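J.: Compact mmCIF, C-alpha atoms and all ligand atoms, saved as my_file-v5.txt, coming up:
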# COMPACT_ATOMS: atom_id res chain seq x y z
CA MET A 3 82.38 106.50 104.69
CA GLU A 4 79.56 107.73 102.56
CA HIS A 5 79.01 106.18 99.06
CA ALA A 6 77.21 107.71 96.14
CA SER A 7 73.72 106.33 96.02
CA GLN A 8 73.39 103.21 93.74
CA GLU A 9 69.66 102.96 94.24
CA SER A 10 67.46 102.97 91.15
CA PRO A 11 65.05 105.88 90.77
CA PRO A 12 61.60 105.49 92.24
CA ALA A 13 59.02 103.64 90.10
CA GLY A 14 57.08 106.79 89.21
CA ARG A 15 60.17 108.53 87.92
CA ARG A 16 61.22 105.43 85.93
CA GLN A 17 57.83 105.31 84.29
CA PHE A 18 58.03 109.01 83.45
CA LEU A 19 61.50 108.58 81.89
CA LYS A 20 60.32 105.59 79.83
CA MET A 21 57.37 107.54 78.49
CA ALA A 22 59.53 110.58 77.70
CA VAL A 23 62.06 108.44 75.76
CA ALA A 24 59.26 106.63 73.89
CA GLY A 25 57.71 109.99 73.00
CA ILE A 26 61.00 111.36 71.64
CA ILE A 27 61.62 108.21 69.56
CA SER A 28 58.16 108.25 67.99
CA ALA A 29 58.45 111.98 67.26
CA VAL A 30 61.79 111.42 65.47
CA LEU A 31 60.44 108.42 63.53
CA GLY A 32 57.43 110.46 62.50
CA LEU A 33 59.63 113.28 61.20
CA VAL A 34 61.79 111.07 58.95
CA PRO A 35 59.20 110.45 56.19
CA VAL A 36 58.04 114.08 56.37
CA ALA A 37 61.62 115.32 55.97
CA ALA A 38 62.28 112.86 53.13
CA GLY A 39 59.10 113.94 51.35
CA LEU A 40 60.00 117.61 51.74
CA ALA A 41 63.50 116.96 50.39
CA VAL A 42 62.03 115.36 47.25
CA PHE A 43 59.53 118.19 46.85
CA LEU A 44 61.98 121.03 47.37
CA ASP A 45 65.11 119.73 45.65
CA PRO A 46 65.07 121.05 42.05
CA LEU A 47 67.58 118.43 40.88
CA ARG A 48 65.35 115.65 42.05
CA ARG A 49 62.31 117.26 40.48
CA LYS A 50 64.22 117.53 37.22
CA SER A 51 64.68 113.76 37.19
CA ALA A 52 60.92 113.36 37.10
CA ALA A 53 59.01 113.22 33.87
CA ASN A 54 59.14 116.92 32.93
CA GLY A 55 62.85 117.50 32.19
CA ALA A 56 64.59 116.98 28.87
CA ILE A 57 66.00 113.48 28.65
CA ARG A 58 68.72 112.13 26.39
CA VAL A 59 67.01 109.49 24.27
CA THR A 60 69.50 108.51 21.57
CA THR A 61 72.02 109.86 19.07
CA LEU A 62 71.50 111.16 15.54
CA GLU A 63 73.70 108.38 14.18
CA SER A 64 71.31 105.79 15.65
CA LEU A 65 68.41 107.39 13.84
CA PRO A 66 68.33 106.71 10.07
CA ASP A 67 67.74 109.80 7.97
CA ASP A 68 64.85 108.29 6.00
CA GLY A 69 61.75 109.91 7.50
CA VAL A 70 60.59 106.59 8.96
CA PRO A 71 59.64 106.77 12.66
CA ARG A 72 61.57 104.58 15.12
CA LYS A 73 60.47 103.78 18.62
CA PHE A 74 62.78 104.50 21.59
CA PRO A 75 62.26 103.97 25.30
CA VAL A 76 62.57 107.02 27.54
CA LEU A 77 64.67 106.19 30.57
CA ALA A 78 65.16 108.32 33.64
CA SER A 79 66.18 108.14 37.26
CA ARG A 80 63.36 108.13 39.75
CA VAL A 81 63.54 109.06 43.37
CA ASP A 82 60.92 108.36 45.96
CA ALA A 83 61.08 109.01 49.68
CA TRP A 84 63.23 105.94 50.27
CA ASN A 85 64.96 104.79 47.08
CA LYS A 86 66.66 105.97 43.91
CA PHE A 87 66.03 103.93 40.76
CA SER A 88 68.43 104.50 37.86
CA GLU A 89 67.44 104.40 34.22
CA VAL A 90 63.92 103.06 34.56
CA PRO A 91 61.47 103.33 31.63
CA ILE A 92 59.02 106.19 32.09
CA GLY A 93 57.56 106.08 28.58
CA ALA A 94 58.47 105.79 24.92
CA VAL A 95 58.62 108.03 21.87
CA TYR A 96 58.65 107.69 18.11
CA LEU A 97 61.48 109.71 16.56
CA ARG A 98 61.49 110.61 12.89
CA ARG A 99 64.53 112.17 11.29
CA THR A 100 64.65 114.23 8.13
CA GLY A 101 68.15 115.65 7.62
CA ASN A 102 69.12 117.06 10.98
CA GLN A 103 65.48 117.73 11.94
CA VAL A 104 63.98 115.29 14.45
CA GLN A 105 60.32 115.04 15.30
CA ALA A 106 59.25 113.30 18.53
CA LEU A 107 55.79 111.89 19.21
CA ASN A 108 54.59 110.29 22.40
CA VAL A 109 53.57 106.67 21.72
CA VAL A 110 50.44 107.05 23.85
CA CYS A 111 47.21 107.31 21.89
CA PRO A 112 45.39 110.54 22.80
CA HIS A 113 42.02 108.77 22.64
CA ALA A 114 42.25 106.55 25.72
CA GLY A 115 45.90 105.88 26.38
CA CYS A 116 46.82 102.70 24.45
CA PHE A 117 50.19 102.51 22.68
CA VAL A 118 50.18 103.13 18.95
CA ASP A 119 52.28 101.16 16.44
CA PHE A 120 53.86 102.53 13.31
CA LEU A 121 53.03 100.41 10.25
CA PRO A 122 55.83 101.01 7.70
CA GLU A 123 53.92 99.27 4.88
CA ARG A 124 51.03 101.76 5.26
CA GLY A 125 53.12 104.70 6.46
CA VAL A 126 50.70 105.38 9.34
CA TYR A 127 50.37 104.89 13.06
CA LEU A 128 47.57 102.58 14.16
CA CYS A 129 46.13 102.29 17.62
CA PRO A 130 45.14 98.67 18.26
CA CYS A 131 42.46 99.55 20.82
CA HIS A 132 39.87 101.43 18.74
CA ASN A 133 41.61 101.73 15.37
CA SER A 134 42.55 105.39 15.40
CA THR A 135 45.05 106.09 12.65
CA PHE A 136 47.57 108.90 12.46
CA THR A 137 49.80 110.08 9.64
CA ALA A 138 53.59 109.78 9.92
CA ALA A 139 53.57 113.45 10.99
CA GLY A 140 51.18 112.57 13.84
CA THR A 141 47.98 114.19 12.55
CA ILE A 142 44.66 112.31 12.59
CA GLY A 143 44.72 109.82 9.73
CA ASP A 144 41.03 109.43 8.94
CA ARG A 145 37.77 110.90 10.09
CA ALA A 146 36.53 107.62 11.55
CA SER A 147 39.30 107.74 14.18
CA PRO A 148 37.82 108.23 17.63
CA ALA A 149 40.87 110.21 18.82
CA ALA A 150 40.01 113.88 19.29
CA ARG A 151 43.52 115.13 18.46
CA GLY A 152 46.67 113.96 16.73
CA LEU A 153 49.57 112.24 18.47
CA ASP A 154 51.25 114.43 21.07
CA SER A 155 54.39 116.07 19.72
CA LEU A 156 57.25 116.66 22.14
CA GLU A 157 60.02 119.26 22.14
CA VAL A 158 63.31 117.94 20.75
CA GLN A 159 66.80 119.34 21.13
CA VAL A 160 69.91 118.09 19.31
CA ARG A 161 72.78 118.80 21.68
CA GLY A 162 76.45 118.72 20.80
CA GLY A 163 75.57 118.04 17.18
CA ASN A 164 74.62 114.42 17.88
CA GLU A 165 72.66 113.81 21.06
CA VAL A 166 68.88 113.73 20.79
CA TRP A 167 67.13 115.08 23.90
CA VAL A 168 63.37 115.04 24.34
CA LYS A 169 61.29 117.00 26.79
CA PHE A 170 59.13 114.06 27.75
CA GLU A 171 55.57 114.72 28.84
CA ASN A 172 52.27 112.89 29.01
CA PHE A 173 48.99 114.59 28.21
CA GLN A 174 45.43 113.93 29.23
CA PRO A 175 43.63 111.50 26.92
CA GLY A 176 40.15 112.08 25.49
CA ARG A 177 40.48 115.84 24.92
CA ALA A 178 40.90 117.87 21.76
CA GLU A 179 43.59 120.08 23.39
CA LYS A 180 46.95 119.00 24.78
CA ILE A 181 46.68 119.37 28.54
CA PRO A 182 49.61 118.05 30.57
CA ALA A 183 48.71 115.03 32.69
CA ALA A 184 48.81 115.77 36.40
S1 LIG B 201 42.93 104.26 22.74
FE1 LIG B 201 43.62 104.57 20.76
S2 LIG B 201 41.87 104.60 19.58
FE2 LIG B 201 41.14 104.32 21.57
Starting from the file, give its structure as structure tokens.
T.:
Amino acid sequence: MEHASQESPPAGRRQFLKMAVAGIISAVLGLVPVAAGLAVFLDPLRRKSAANGAIRVTTLESLPDDGVPRKFPVLASRVDAWNKFSEVPIGAVYLRRTGNQVQALNVVCPHAGCFVDFLPERGVYLCPCHNSTFTAAGTIGDRASPAARGLDSLEVQVRGGNEVWVKFENFQPGRAEKIPAA
């Protein structure tokens, strides 16, 4: 009686099969990061979670109506090729409320990128790095300030009558004009 052959394939064929399988595996592994990167680049929802979308920062009731700026962190979800991070700080803003009007200023000094502090006793922002000062409205406070422009204002929306949303952006330091950071 004749049996189906149980012999292993010849050595040359085995070697060829091994190389073919190894080639397929490395091709698939190489495609994974490319596909993940493309997904991040092409997916508008993911792009919206990056720094350019409007982000809910606080509520009107948390913001006293006294014209004094308060600092708030800006939190957002971040997605890279491998992980999603929820509610991580991507920056901070000073919010100043007058009635139902809210002004938002980026805390980053436009001179060289340090963080400014609001000094309530003087009613001005001061940058600790090279002593630029800015008025409460964000304009340059005195001529000796090395900053070439005032603090960067950001677009604010009050949604649903209470939620304060800010279109958070960073701008290039050291320039007189506001140019979005790359
Ligand atoms: S970084 Fe603010 S004054 Fe230089």
J.: Go through A:Ser147, A:Gln159, A:Gln174, A:Ser64 and flag the residue nearest A:Cys129, using all atoms listed in the file for the distances.
T.: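 Counting all atoms listed in the file, the residue closest to A:Cys129 is A:Ser147.
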J.: Go ahead and compute the interatomic distance for atom FE1 of ligand LIG 201 (chain B) and atom CA of A:Arg58, in Å to one decimal.
T.: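 If I compute the distance from atom FE1 of ligand LIG 201 (chain B) to atom CA of A:Arg58, I get 26.8 Å.
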J.: Identify, counting only C-alpha atoms and all ligand atoms, the protein, DNA and RNA residues located within 6 Å of ligand LIG 201 (chain B), and give them as a PyMOL selection string.
T.: chain A and resi 111+113-116+129+131-134+148-149
J.: Using only C-alpha atoms, which protein or nucleic acid residues come within 10 Å of A:Ala139? Drop anything in the same chain fewer than 3 positions from it, and give the result as a list in words.
T.: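 Here the qualifying residues turn out to be Gly69, Pro71, Arg98, Gln105, Ala106, Leu107, Gly125, Val126, Tyr127, Phe136, Ile142, Gly143, Gly152, Leu153 and Ser155 of chain A.
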J.: Between atom CA of A:Leu121 and atom CA of A:Asp68, what distance in Å does the model show, to one decimal?
T.: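 Separating atom CA of A:Leu121 from atom CA of A:Asp68 is a distance of 14.8 Å.
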J.: Compare A:Thr135, A:Asn108, A:Ser79, A:Asn164 by their minimum atom-to-atom distance to A:Gly93, counting only C-alpha atoms, and give me the closest one.
T.: A:Asn108
J.: Hey, which of A:Pro182, A:Gly162, A:Pro175, A:Gly140 ends up closest to A:Thr61? Count all atoms listed in the file.
T.: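 Looking at the shortest contact to A:Thr61, the residue is A:Gly162.
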J.: Would you mind putting back N, CA, C and O atoms on stretch 126-151 of chain A, then writing it out as a PDB file, in the frame of the given file?
T.:
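part28.pdb written:
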ATOM      1  N   VAL A 126      51.553 104.715   8.347  1.00  0.00           N
ATOM      2  CA  VAL A 126      50.700 105.380   9.340  1.00  0.00           C
ATOM      3  C   VAL A 126      50.907 104.725  10.709  1.00  0.00           C
ATOM      4  O   VAL A 126      51.414 103.612  10.821  1.00  0.00           O
ATOM      5  N   TYR A 127      50.460 105.467  11.716  1.00  0.00           N
ATOM      6  CA  TYR A 127      50.370 104.890  13.060  1.00  0.00           C
ATOM      7  C   TYR A 127      48.958 104.324  13.215  1.00  0.00           C
ATOM      8  O   TYR A 127      47.978 104.951  12.776  1.00  0.00           O
ATOM      9  N   LEU A 128      48.876 103.175  13.889  1.00  0.00           N
ATOM     10  CA  LEU A 128      47.570 102.580  14.160  1.00  0.00           C
ATOM     11  C   LEU A 128      47.484 102.286  15.646  1.00  0.00           C
ATOM     12  O   LEU A 128      48.418 101.741  16.253  1.00  0.00           O
ATOM     13  N   CYS A 129      46.348 102.661  16.219  1.00  0.00           N
ATOM     14  CA  CYS A 129      46.130 102.290  17.620  1.00  0.00           C
ATOM     15  C   CYS A 129      45.316 100.997  17.639  1.00  0.00           C
ATOM     16  O   CYS A 129      44.225 100.938  17.052  1.00  0.00           O
ATOM     17  N   PRO A 130      45.827  99.962  18.306  1.00  0.00           N
ATOM     18  CA  PRO A 130      45.140  98.670  18.260  1.00  0.00           C
ATOM     19  C   PRO A 130      43.852  98.647  19.084  1.00  0.00           C
ATOM     20  O   PRO A 130      43.044  97.728  18.920  1.00  0.00           O
ATOM     21  N   CYS A 131      43.633  99.632  19.936  1.00  0.00           N
ATOM     22  CA  CYS A 131      42.460  99.550  20.820  1.00  0.00           C
ATOM     23  C   CYS A 131      41.150  99.899  20.116  1.00  0.00           C
ATOM     24  O   CYS A 131      40.177  99.156  20.198  1.00  0.00           O
ATOM     25  N   HIS A 132      41.119 101.042  19.407  1.00  0.00           N
ATOM     26  CA  HIS A 132      39.870 101.430  18.740  1.00  0.00           C
ATOM     27  C   HIS A 132      40.133 101.929  17.323  1.00  0.00           C
ATOM     28  O   HIS A 132      39.354 102.697  16.763  1.00  0.00           O
ATOM     29  N   ASN A 133      41.291 101.482  16.782  1.00  0.00           N
ATOM     30  CA  ASN A 133      41.610 101.730  15.370  1.00  0.00           C
ATOM     31  C   ASN A 133      41.763 103.189  14.963  1.00  0.00           C
ATOM     32  O   ASN A 133      41.478 103.539  13.812  1.00  0.00           O
ATOM     33  N   SER A 134      42.166 104.051  15.853  1.00  0.00           N
ATOM     34  CA  SER A 134      42.550 105.390  15.400  1.00  0.00           C
ATOM     35  C   SER A 134      43.780 105.263  14.515  1.00  0.00           C
ATOM     36  O   SER A 134      44.680 104.461  14.809  1.00  0.00           O
ATOM     37  N   THR A 135      43.827 106.056  13.466  1.00  0.00           N
ATOM     38  CA  THR A 135      45.050 106.090  12.650  1.00  0.00           C
ATOM     39  C   THR A 135      45.585 107.523  12.630  1.00  0.00           C
ATOM     40  O   THR A 135      44.825 108.493  12.753  1.00  0.00           O
ATOM     41  N   PHE A 136      46.883 107.601  12.468  1.00  0.00           N
ATOM     42  CA  PHE A 136      47.570 108.900  12.460  1.00  0.00           C
ATOM     43  C   PHE A 136      48.606 108.872  11.339  1.00  0.00           C
ATOM     44  O   PHE A 136      49.240 107.834  11.092  1.00  0.00           O
ATOM     45  N   THR A 137      48.782 110.004  10.687  1.00  0.00           N
ATOM     46  CA  THR A 137      49.800 110.080   9.640  1.00  0.00           C
ATOM     47  C   THR A 137      51.196 109.997  10.263  1.00  0.00           C
ATOM     48  O   THR A 137      51.342 110.129  11.491  1.00  0.00           O
ATOM     49  N   ALA A 138      52.213 109.840   9.415  1.00  0.00           N
ATOM     50  CA  ALA A 138      53.590 109.780   9.920  1.00  0.00           C
ATOM     51  C   ALA A 138      53.959 111.062  10.656  1.00  0.00           C
ATOM     52  O   ALA A 138      54.805 111.059  11.549  1.00  0.00           O
ATOM     53  N   ALA A 139      53.312 112.175  10.304  1.00  0.00           N
ATOM     54  CA  ALA A 139      53.570 113.450  10.990  1.00  0.00           C
ATOM     55  C   ALA A 139      52.811 113.543  12.306  1.00  0.00           C
ATOM     56  O   ALA A 139      52.991 114.497  13.068  1.00  0.00           O
ATOM     57  N   GLY A 140      51.895 112.598  12.553  1.00  0.00           N
ATOM     58  CA  GLY A 140      51.180 112.570  13.840  1.00  0.00           C
ATOM     59  C   GLY A 140      49.771 113.126  13.786  1.00  0.00           C
ATOM     60  O   GLY A 140      49.055 113.074  14.786  1.00  0.00           O
ATOM     61  N   THR A 141      49.343 113.645  12.630  1.00  0.00           N
ATOM     62  CA  THR A 141      47.980 114.190  12.550  1.00  0.00           C
ATOM     63  C   THR A 141      46.970 113.036  12.399  1.00  0.00           C
ATOM     64  O   THR A 141      47.348 111.920  12.037  1.00  0.00           O
ATOM     65  N   ILE A 142      45.698 113.346  12.691  1.00  0.00           N
ATOM     66  CA  ILE A 142      44.660 112.310  12.590  1.00  0.00           C
ATOM     67  C   ILE A 142      44.606 111.788  11.154  1.00  0.00           C
ATOM     68  O   ILE A 142      44.588 112.562  10.192  1.00  0.00           O
ATOM     69  N   GLY A 143      44.588 110.441  11.047  1.00  0.00           N
ATOM     70  CA  GLY A 143      44.720 109.820   9.730  1.00  0.00           C
ATOM     71  C   GLY A 143      43.418 109.716   8.970  1.00  0.00           C
ATOM     72  O   GLY A 143      43.403 109.836   7.744  1.00  0.00           O
ATOM     73  N   ASP A 144      42.310 109.459   9.644  1.00  0.00           N
ATOM     74  CA  ASP A 144      41.030 109.430   8.940  1.00  0.00           C
ATOM     75  C   ASP A 144      39.910 109.837   9.884  1.00  0.00           C
ATOM     76  O   ASP A 144      40.037 109.751  11.100  1.00  0.00           O
ATOM     77  N   ARG A 145      38.836 110.286   9.287  1.00  0.00           N
ATOM     78  CA  ARG A 145      37.770 110.900  10.090  1.00  0.00           C
ATOM     79  C   ARG A 145      37.083 109.913  11.018  1.00  0.00           C
ATOM     80  O   ARG A 145      36.423 110.314  11.975  1.00  0.00           O
ATOM     81  N   ALA A 146      37.186 108.623  10.701  1.00  0.00           N
ATOM     82  CA  ALA A 146      36.530 107.620  11.550  1.00  0.00           C
ATOM     83  C   ALA A 146      37.304 107.390  12.856  1.00  0.00           C
ATOM     84  O   ALA A 146      36.803 106.716  13.758  1.00  0.00           O
ATOM     85  N   SER A 147      38.508 107.949  12.957  1.00  0.00           N
ATOM     86  CA  SER A 147      39.300 107.740  14.180  1.00  0.00           C
ATOM     87  C   SER A 147      38.601 108.377  15.376  1.00  0.00           C
ATOM     88  O   SER A 147      38.193 109.539  15.306  1.00  0.00           O
ATOM     89  N   PRO A 148      38.464 107.636  16.467  1.00  0.00           N
ATOM     90  CA  PRO A 148      37.820 108.230  17.630  1.00  0.00           C
ATOM     91  C   PRO A 148      38.695 109.238  18.383  1.00  0.00           C
ATOM     92  O   PRO A 148      38.185 109.982  19.222  1.00  0.00           O
ATOM     93  N   ALA A 149      39.992 109.267  18.107  1.00  0.00           N
ATOM     94  CA  ALA A 149      40.870 110.210  18.820  1.00  0.00           C
ATOM     95  C   ALA A 149      40.481 111.643  18.476  1.00  0.00           C
ATOM     96  O   ALA A 149      40.214 111.970  17.319  1.00  0.00           O
ATOM     97  N   ALA A 150      40.439 112.493  19.485  1.00  0.00           N
ATOM     98  CA  ALA A 150      40.010 113.880  19.290  1.00  0.00           C
ATOM     99  C   ALA A 150      41.158 114.797  18.854  1.00  0.00           C
ATOM    100  O   ALA A 150      40.930 115.955  18.491  1.00  0.00           O
ATOM    101  N   ARG A 151      42.369 114.315  18.911  1.00  0.00           N
ATOM    102  CA  ARG A 151      43.520 115.130  18.460  1.00  0.00           C
ATOM    103  C   ARG A 151      44.574 114.172  17.900  1.00  0.00           C
ATOM    104  O   ARG A 151      44.477 112.946  18.076  1.00  0.00           O
TER     105      ARG A 151
END
